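Peer 1: First the structure, then my questions, so here it is.
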Amino acid sequence: MLSYITEKNLDAWLGGYARHLARNVVKPKVHGPRHLLFAICDHYEPLWDSNSTALGDARMQAWSDGYPAVHREFRDADGFMPRHSFFFPGEQYTPRWMDALAKLTKDGFGEVELHMHHDHDTRDTVRAKIERYKERFAQHGLLSVGPDGARRYAFIHGNWCLANARRDGRNCGVDDELVVLFESGCYADFTFAAAPDESQPRIVNQIYWPTGDLSQKRAYEQGEPARVGHTMDDRLLMITGPLAIAPRAEKVPFWIDNAGITQLRQPTPFRLRTWVNQNIHIEGRPEWVFVKAFTHGAPEPQAEVFLGDPARLLHRTLAEKYNDGTRWKLHYVTAREMFNIAMAAMDGKAGDPGDFRDYRLPKPEAAA
């Protein structure tokens with residue numbers, strides 16, 4: 001068991017998980033229905049484990065055809081179809097793939113944000129890459145524009161290595177990456193949960209503002225929970241997905257559920273209940289529950305999940321268990337919409353969170 005704990009880096013975040021469980025023992029009373037804000041943030045890499053653009057074309061075509069075919073039959077409480085957030089790796093930019101994603105965006109099936117793999121960078125070199133990728137994405141109408149006219153984006157770090165997280169220094173190189181991201185227009189980071197990877201922070205199942213010295217490596221390890229009546233507009237927001245130690249009937253009687261969806265770990269009703277039960281919310285607004293699942297959806301094994309019956313089961317379960325209009329109301333949201341609704345909660349807004357999808361940042365041009 002000790003070797004398992006070390007291998008899975010449980011010692012790094014188990015204390016944070018225990019604190020989360022203690023907070024979650026007594027749930028605040030909620031009057032009226034609870035609202036489930038459900039997002040899938042996809043590390044969408046057409047060239048996953050391949051350099052073949054032909055394979056990338058085939059993967060992109062499968063999603064262009066298959067995603068609408070599966071998902072157009074489902075609706076949330078606001079009448080929206082499931083909304084997929086495609087975090088596209090800037091280094092894999094291919095105009096025809098971005099045009100295909102822009103078409104899915106225009107048709108109401110999601111939005112596109114920035115995913116990036118990089119290594120041995122400095123703050124200047126990584127900033128140059130980000131600006132180049134932003135410009136390319138913007139050519140397809142795929143980024144939101146803030147009130148100041150600047151392009152804004154959500155971010156997922158490739159290989160989980162946000163803020164130079166690895167002990168060996170690989171897959172990043174930029175200690176003050178949180179600062180660089182914010183300065184370049186990033187409004188929120190969606191990298192975590194990442195357990196059992198070593199980059200997993202001690203802060204578990206929270207939406208929070210990173211605090212302390214943001215120029216330091218792994219600056220996301222310190223944070224202040226997001227709460228009603230308080231915002232920190234001089235930094236990006238950390239929006240983390242569910243992380244739980246869940247039971248299973250195998251040699252090891254539990255496993256780490258980080259809300260990652262794969263062919264082997266499909267989005268079953270039991271897992272969905274586990275994610276919801278982590279009760280991630282803005283402090284002071286417990287009736288708005290945030291669930292951010294993730295996947296690597298382009299490769300064929302995961303594509304089979306999202307373009308087939310497992311996705312239908314997920315959305316039927318969401319409709320049956322979390323959209324009865326009395327106990328729960330379901331809201332499919334993109335990463336941008338999840339951020340907007342979180343900010344609305346912090347600004348004291350209440351009622352139906354679906355009213356705040358565009359609260360701070362408007363729809364990208366492709367979705368307008």
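In the structure tokens, each chain is lettered A, B, ... as it comes, each chain's residues begin at 1, and ligands are numbered from 1 in order of appearance.
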For segment 327-343 of chain A, list every protein, DNA or RNA residue within 6 Å, evaluated using only C-alpha atoms, and leave out those in the same chain fewer than 6 positions away; present the list as a PyMOL selection string.
Peer 2: chain A and resi 33-39+76-77+82-83+85+356-357+359-360
Peer 1: Generate a file of the selected residues that holds C-alpha atoms, formatted as a CSV table (one decimal), in the first residue's frame.
Peer 2:
```csv
chain,number,residue,atom,x,y,z
A,33,PRO,CA,-33.5,23.5,-7.2
A,34,ARG,CA,-29.7,23.1,-7.4
A,35,HIS,CA,-28.1,23.8,-10.7
A,36,LEU,CA,-25.5,21.5,-12.3
A,37,LEU,CA,-23.0,23.3,-14.5
A,38,PHE,CA,-21.5,20.6,-16.6
A,39,ALA,CA,-18.5,21.1,-18.9
A,76,ASP,CA,-30.4,21.2,-21.0
A,77,ALA,CA,-32.8,23.4,-18.9
A,82,PRO,CA,-24.1,19.5,-25.0
A,83,ARG,CA,-21.3,22.0,-25.3
A,85,SER,CA,-14.7,22.8,-25.0
A,356,PHE,CA,-24.8,34.6,-16.9
A,357,ARG,CA,-23.2,32.6,-19.7
A,359,TYR,CA,-21.5,37.8,-18.0
A,360,ARG,CA,-17.8,38.9,-18.3
```
Peer 1: Quick one: everything within 12 Å of segment 47-49 of chain A, counting only C-alpha atoms, minus sequence neighbours fewer than 2 positions away in the same chain. Send it as number ranges by chain.
Peer 2: A: 43-45, 51-60, 88-94, 97, 117, 158, 296-302
Peer 1: Write the residues you've just listed into a file as a PDB file, in the first residue's frame, and include N, CA and C atoms for each of them.
Peer 2:
```pdb
ATOM      1  N   HIS A  43      -8.614  17.874 -24.155  1.00  0.00           N
ATOM      2  CA  HIS A  43      -7.265  18.082 -24.671  1.00  0.00           C
ATOM      3  C   HIS A  43      -7.284  17.533 -26.098  1.00  0.00           C
ATOM      4  N   TYR A  44      -7.799  18.311 -27.023  1.00  0.00           N
ATOM      5  CA  TYR A  44      -8.168  17.793 -28.344  1.00  0.00           C
ATOM      6  C   TYR A  44      -6.977  17.852 -29.293  1.00  0.00           C
ATOM      7  N   GLU A  45      -6.337  16.693 -29.525  1.00  0.00           N
ATOM      8  CA  GLU A  45      -5.083  16.621 -30.267  1.00  0.00           C
ATOM      9  C   GLU A  45      -5.231  15.690 -31.468  1.00  0.00           C
ATOM     10  N   ASN A  51       2.321  11.689 -36.391  1.00  0.00           N
ATOM     11  CA  ASN A  51       2.679  12.865 -37.169  1.00  0.00           C
ATOM     12  C   ASN A  51       1.953  12.888 -38.507  1.00  0.00           C
ATOM     13  N   SER A  52       0.943  12.045 -38.650  1.00  0.00           N
ATOM     14  CA  SER A  52       0.238  11.896 -39.911  1.00  0.00           C
ATOM     15  C   SER A  52      -0.907  12.895 -40.017  1.00  0.00           C
ATOM     16  N   THR A  53      -0.797  13.834 -40.933  1.00  0.00           N
ATOM     17  CA  THR A  53      -1.907  14.768 -41.138  1.00  0.00           C
ATOM     18  C   THR A  53      -3.114  14.047 -41.732  1.00  0.00           C
ATOM     19  N   ALA A  54      -2.883  12.969 -42.460  1.00  0.00           N
ATOM     20  CA  ALA A  54      -4.006  12.197 -42.986  1.00  0.00           C
ATOM     21  C   ALA A  54      -4.821  11.591 -41.853  1.00  0.00           C
ATOM     22  N   LEU A  55      -4.113  11.077 -40.836  1.00  0.00           N
ATOM     23  CA  LEU A  55      -4.823  10.555 -39.663  1.00  0.00           C
ATOM     24  C   LEU A  55      -5.534  11.693 -38.942  1.00  0.00           C
ATOM     25  N   GLY A  56      -4.870  12.849 -38.815  1.00  0.00           N
ATOM     26  CA  GLY A  56      -5.527  13.998 -38.206  1.00  0.00           C
ATOM     27  C   GLY A  56      -6.778  14.400 -38.963  1.00  0.00           C
ATOM     28  N   ASP A  57      -6.728  14.370 -40.302  1.00  0.00           N
ATOM     29  CA  ASP A  57      -7.911  14.688 -41.104  1.00  0.00           C
ATOM     30  C   ASP A  57      -9.043  13.714 -40.807  1.00  0.00           C
ATOM     31  N   ALA A  58      -8.708  12.428 -40.706  1.00  0.00           N
ATOM     32  CA  ALA A  58      -9.731  11.410 -40.448  1.00  0.00           C
ATOM     33  C   ALA A  58     -10.357  11.605 -39.070  1.00  0.00           C
ATOM     34  N   ARG A  59      -9.522  11.921 -38.091  1.00  0.00           N
ATOM     35  CA  ARG A  59     -10.052  12.147 -36.745  1.00  0.00           C
ATOM     36  C   ARG A  59     -10.965  13.376 -36.711  1.00  0.00           C
ATOM     37  N   MET A  60     -10.535  14.423 -37.390  1.00  0.00           N
ATOM     38  CA  MET A  60     -11.346  15.635 -37.406  1.00  0.00           C
ATOM     39  C   MET A  60     -12.663  15.395 -38.124  1.00  0.00           C
ATOM     40  N   PHE A  88      -7.448  23.182 -28.039  1.00  0.00           N
ATOM     41  CA  PHE A  88      -6.668  22.740 -29.186  1.00  0.00           C
ATOM     42  C   PHE A  88      -5.205  23.123 -29.007  1.00  0.00           C
ATOM     43  N   PRO A  89      -4.271  22.183 -29.253  1.00  0.00           N
ATOM     44  CA  PRO A  89      -2.847  22.489 -29.090  1.00  0.00           C
ATOM     45  C   PRO A  89      -2.357  23.443 -30.177  1.00  0.00           C
ATOM     46  N   GLY A  90      -1.866  24.602 -29.754  1.00  0.00           N
ATOM     47  CA  GLY A  90      -1.437  25.598 -30.711  1.00  0.00           C
ATOM     48  C   GLY A  90      -0.386  25.087 -31.667  1.00  0.00           C
ATOM     49  N   GLU A  91       0.470  24.183 -31.182  1.00  0.00           N
ATOM     50  CA  GLU A  91       1.559  23.690 -32.029  1.00  0.00           C
ATOM     51  C   GLU A  91       1.063  22.736 -33.115  1.00  0.00           C
ATOM     52  N   GLN A  92      -0.216  22.323 -33.054  1.00  0.00           N
ATOM     53  CA  GLN A  92      -0.780  21.465 -34.094  1.00  0.00           C
ATOM     54  C   GLN A  92      -1.694  22.250 -35.044  1.00  0.00           C
ATOM     55  N   TYR A  93      -1.598  23.568 -35.002  1.00  0.00           N
ATOM     56  CA  TYR A  93      -2.474  24.399 -35.824  1.00  0.00           C
ATOM     57  C   TYR A  93      -2.469  23.978 -37.291  1.00  0.00           C
ATOM     58  N   THR A  94      -3.668  23.734 -37.806  1.00  0.00           N
ATOM     59  CA  THR A  94      -3.883  23.412 -39.203  1.00  0.00           C
ATOM     60  C   THR A  94      -5.168  24.116 -39.626  1.00  0.00           C
ATOM     61  N   TRP A  97      -8.496  22.224 -39.926  1.00  0.00           N
ATOM     62  CA  TRP A  97      -9.028  21.683 -38.672  1.00  0.00           C
ATOM     63  C   TRP A  97      -9.701  22.786 -37.858  1.00  0.00           C
ATOM     64  N   HIS A 117       1.648  22.309 -25.518  1.00  0.00           N
ATOM     65  CA  HIS A 117       2.789  21.548 -25.014  1.00  0.00           C
ATOM     66  C   HIS A 117       4.042  22.360 -25.304  1.00  0.00           C
ATOM     67  N   GLY A 158      -0.264  21.252 -21.614  1.00  0.00           N
ATOM     68  CA  GLY A 158       0.079  19.911 -22.054  1.00  0.00           C
ATOM     69  C   GLY A 158       0.958  19.207 -21.040  1.00  0.00           C
ATOM     70  N   HIS A 296      -9.090  13.170 -23.682  1.00  0.00           N
ATOM     71  CA  HIS A 296      -8.263  13.362 -24.868  1.00  0.00           C
ATOM     72  C   HIS A 296      -9.079  12.753 -26.011  1.00  0.00           C
ATOM     73  N   GLY A 297      -9.962  13.544 -26.575  1.00  0.00           N
ATOM     74  CA  GLY A 297     -11.042  13.005 -27.373  1.00  0.00           C
ATOM     75  C   GLY A 297     -10.725  12.658 -28.808  1.00  0.00           C
ATOM     76  N   ALA A 298      -9.656  13.211 -29.377  1.00  0.00           N
ATOM     77  CA  ALA A 298      -9.402  12.973 -30.799  1.00  0.00           C
ATOM     78  C   ALA A 298      -9.008  11.527 -31.116  1.00  0.00           C
ATOM     79  N   PRO A 299      -8.142  10.872 -30.324  1.00  0.00           N
ATOM     80  CA  PRO A 299      -7.765   9.493 -30.655  1.00  0.00           C
ATOM     81  C   PRO A 299      -8.976   8.560 -30.671  1.00  0.00           C
ATOM     82  N   GLU A 300      -8.870   7.530 -31.452  1.00  0.00           N
ATOM     83  CA  GLU A 300     -10.008   6.652 -31.716  1.00  0.00           C
ATOM     84  C   GLU A 300     -10.646   6.035 -30.469  1.00  0.00           C
ATOM     85  N   PRO A 301      -9.877   5.573 -29.475  1.00  0.00           N
ATOM     86  CA  PRO A 301     -10.545   4.970 -28.315  1.00  0.00           C
ATOM     87  C   PRO A 301     -11.507   5.921 -27.603  1.00  0.00           C
ATOM     88  N   GLN A 302     -11.055   7.158 -27.386  1.00  0.00           N
ATOM     89  CA  GLN A 302     -11.938   8.126 -26.729  1.00  0.00           C
ATOM     90  C   GLN A 302     -13.030   8.613 -27.678  1.00  0.00           C
TER      91      GLN A 302
END
```
Peer 1: For the atom pair atom CA of Phe155 of chain A and atom CA of Thr211 of chain A, what is the interatomic distance in Å to one decimal place?
Peer 2: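 We find that atom CA of Phe155 of chain A and atom CA of Thr211 of chain A lie 18.3 Å from each other.
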Peer 1: Which residue gives the smallest distance to Val126 of chain A among A:Lys106, A:Arg202, A:His157, A:Arg151, with only C-alpha atoms counted?
Peer 2: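 So, comparing all the options, the nearest one is A:His157.
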Peer 1: Enumerate the residues of segment 41-193 of chain A with a DSSP assignment of strand (DSSP E or B), computed from the backbone, and present them as an MDAnalysis selection string.
Peer 2: chainID A and resid 41:43 84:89 110:116 144:145 151:157 186:189
Peer 1: When you look at segment 310-312 of chain A with a cut-off of 8 Å (counting only C-alpha atoms), what residues show up, excluding the ones that are within fewer than 2 positions of it in the same chain? I need them as JSON, numbers by chain.
Peer 2: {"A": [70, 71, 266, 267, 268, 305, 306, 307, 308, 314, 315, 316]}
Peer 1: Rank A:Glu198, A:Asp119, A:Asp352, A:Asp213 by their smallest atom-to-atom distance to Asn171 of chain A, using only C-alpha atoms, and report the top residue only.
Peer 2: A:Asp119
Peer 1: Mind checking which residues fall within 10 Å of Gln200 of chain A, counting only C-alpha atoms, ignoring those fewer than 6 positions away in the same chain, and posting them as JSON, numbers by chain?
Peer 2: {"A": [9, 10, 12, 13, 160, 161, 162, 165, 191, 192, 193, 194, 218, 220, 221]}
Peer 1: What separation in Å, quoted to one decimal, exists between atom CA of Ser144 of chain A and atom CA of Gly348 of chain A?
Peer 2: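 So the two atoms, atom CA of Ser144 of chain A and atom CA of Gly348 of chain A, lie 23.4 Å apart.
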Peer 1: Hey, what's within 7 Å of segment 227-239 of chain A if we count only C-alpha atoms and toss same-chain stuff fewer than 6 positions away? As JSON, numbers by chain, please?
Peer 2: {"A": [182, 186, 187, 188, 189, 190, 207, 208, 209, 282, 283, 284, 285, 345, 346, 347, 348]}
Peer 1: Produce a file of the selected residues containing N, CA, C and O atoms, as an mmCIF file, in the first residue's frame.
Peer 2:
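And here's selection.cif as it stands now:
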```
data_model
loop_
_atom_site.group_PDB
_atom_site.id
_atom_site.type_symbol
_atom_site.label_atom_id
_atom_site.label_comp_id
_atom_site.auth_asym_id
_atom_site.auth_seq_id
_atom_site.Cartn_x
_atom_site.Cartn_y
_atom_site.Cartn_z
ATOM 1 N N PHE A 182 -1.595 35.176 -17.594
ATOM 2 C CA PHE A 182 -2.516 36.273 -17.305
ATOM 3 C C PHE A 182 -2.183 37.500 -18.146
ATOM 4 O O PHE A 182 -3.082 38.130 -18.728
ATOM 5 N N CYS A 186 -5.028 35.201 -20.608
ATOM 6 C CA CYS A 186 -5.684 34.013 -20.049
ATOM 7 C C CYS A 186 -6.581 34.420 -18.887
ATOM 8 O O CYS A 186 -6.139 35.108 -17.966
ATOM 9 N N TYR A 187 -7.832 33.995 -18.927
ATOM 10 C CA TYR A 187 -8.755 34.327 -17.852
ATOM 11 C C TYR A 187 -8.903 33.207 -16.833
ATOM 12 O O TYR A 187 -9.257 33.461 -15.673
ATOM 13 N N ALA A 188 -8.624 31.968 -17.222
ATOM 14 C CA ALA A 188 -8.765 30.857 -16.274
ATOM 15 C C ALA A 188 -7.960 29.665 -16.759
ATOM 16 O O ALA A 188 -7.831 29.427 -17.967
ATOM 17 N N ASP A 189 -7.433 28.916 -15.807
ATOM 18 C CA ASP A 189 -6.713 27.682 -16.111
ATOM 19 C C ASP A 189 -7.603 26.494 -15.758
ATOM 20 O O ASP A 189 -8.217 26.462 -14.688
ATOM 21 N N PHE A 190 -7.644 25.507 -16.673
ATOM 22 C CA PHE A 190 -8.475 24.320 -16.516
ATOM 23 C C PHE A 190 -7.633 23.042 -16.501
ATOM 24 O O PHE A 190 -8.139 21.965 -16.792
ATOM 25 N N ILE A 207 -12.645 25.877 -6.754
ATOM 26 C CA ILE A 207 -12.357 26.970 -7.664
ATOM 27 C C ILE A 207 -11.665 28.016 -6.818
ATOM 28 O O ILE A 207 -12.180 28.408 -5.761
ATOM 29 N N TYR A 208 -10.482 28.476 -7.254
ATOM 30 C CA TYR A 208 -9.704 29.322 -6.353
ATOM 31 C C TYR A 208 -8.813 30.290 -7.122
ATOM 32 O O TYR A 208 -8.539 30.126 -8.313
ATOM 33 N N TRP A 209 -8.372 31.307 -6.394
ATOM 34 C CA TRP A 209 -7.409 32.271 -6.903
ATOM 35 C C TRP A 209 -6.017 31.892 -6.396
ATOM 36 O O TRP A 209 -5.827 31.728 -5.187
ATOM 37 N N ILE A 282 -18.815 27.971 -5.730
ATOM 38 C CA ILE A 282 -18.312 29.227 -5.185
ATOM 39 C C ILE A 282 -18.847 29.365 -3.762
ATOM 40 O O ILE A 282 -20.054 29.218 -3.536
ATOM 41 N N GLU A 283 -17.956 29.610 -2.815
ATOM 42 C CA GLU A 283 -18.405 29.732 -1.422
ATOM 43 C C GLU A 283 -19.473 30.818 -1.312
ATOM 44 O O GLU A 283 -19.289 31.939 -1.784
ATOM 45 N N GLY A 284 -20.586 30.460 -0.690
ATOM 46 C CA GLY A 284 -21.710 31.374 -0.571
ATOM 47 C C GLY A 284 -22.757 31.192 -1.651
ATOM 48 O O GLY A 284 -23.823 31.810 -1.589
ATOM 49 N N ARG A 285 -22.473 30.332 -2.651
ATOM 50 C CA ARG A 285 -23.449 30.029 -3.692
ATOM 51 C C ARG A 285 -23.485 28.515 -3.905
ATOM 52 O O ARG A 285 -23.161 27.985 -4.957
ATOM 53 N N ALA A 345 -21.236 34.581 -9.768
ATOM 54 C CA ALA A 345 -21.454 34.174 -8.379
ATOM 55 C C ALA A 345 -20.622 35.020 -7.432
ATOM 56 O O ALA A 345 -21.111 35.491 -6.391
ATOM 57 N N MET A 346 -19.348 35.224 -7.776
ATOM 58 C CA MET A 346 -18.489 36.033 -6.914
ATOM 59 C C MET A 346 -18.979 37.478 -6.827
ATOM 60 O O MET A 346 -18.799 38.144 -5.804
ATOM 61 N N ASP A 347 -19.607 37.956 -7.878
ATOM 62 C CA ASP A 347 -20.153 39.314 -7.877
ATOM 63 C C ASP A 347 -21.517 39.392 -7.211
ATOM 64 O O ASP A 347 -22.172 40.443 -7.251
ATOM 65 N N GLY A 348 -21.968 38.292 -6.628
ATOM 66 C CA GLY A 348 -23.205 38.309 -5.859
ATOM 67 C C GLY A 348 -24.458 37.983 -6.637
ATOM 68 O O GLY A 348 -25.562 38.080 -6.094
#
```
Peer 1: Can you list, as a ChimeraX atom specification, all residues belonging to segment 119-286 of chain A that DSSP tags as alpha helix (DSSP H)?
Peer 2: /A:123-138,177-183,269-277
Peer 1: So which residues touch Val112 of chain A within 8 Å, counting only C-alpha atoms, skipping near sequence neighbours fewer than 2 positions away, as a short mmCIF file (atom, residue, chain, number, x, y, z; two decimals) with C-alpha atoms, in the first residue's frame?
Peer 2:
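Saved as result-v8.cif:
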```
data_model
loop_
_atom_site.label_atom_id
_atom_site.label_comp_id
_atom_site.auth_asym_id
_atom_site.auth_seq_id
_atom_site.Cartn_x
_atom_site.Cartn_y
_atom_site.Cartn_z
CA SER A 85 -14.72 22.76 -25.02
CA PHE A 86 -11.99 21.87 -27.54
CA PHE A 87 -8.67 22.88 -25.98
CA PHE A 88 -6.67 22.74 -29.19
CA LEU A 101 -14.01 23.40 -35.15
CA ALA A 102 -15.37 26.84 -36.05
CA THR A 105 -18.85 26.29 -32.67
CA GLY A 110 -18.99 24.09 -28.17
CA LEU A 114 -5.84 27.00 -26.01
CA LEU A 142 -12.44 31.27 -32.09
CA LEU A 143 -11.45 33.52 -29.18
#
```
Peer 1: Might you pull out every residue within 12 Å of Glu135 of chain A, with only C-alpha atoms counted and same-chain residues fewer than 2 positions away left off, and present them as a list in words?
Peer 2: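 Skipping anything fewer than 2 positions along the chain leaves Gly90, Tyr93, Leu114, Ala128, Lys129, Ile130, Glu131, Arg132, Tyr133, Phe137, Ala138, Gln139, His140, Gly141, Leu142, Leu143, Ala150, Arg151, Arg152, Tyr153 and Ser184 of chain A.
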Peer 1: Nearest to Ala154 of chain A: which of A:Gly260, A:Arg166, A:Lys217, A:His115 is it, counting only C-alpha atoms?
Peer 2: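 Of A:Gly260, A:Arg166, A:Lys217, A:His115, the one nearest Ala154 of chain A, counting only C-alpha atoms, is A:His115.
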Peer 1: Distance atom CA of Gln216 of chain A-atom CA of Ala195 of chain A, one decimal place?
Peer 2: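 Answer for the atom CA of Gln216 of chain A to atom CA of Ala195 of chain A separation: 21.1 Å.
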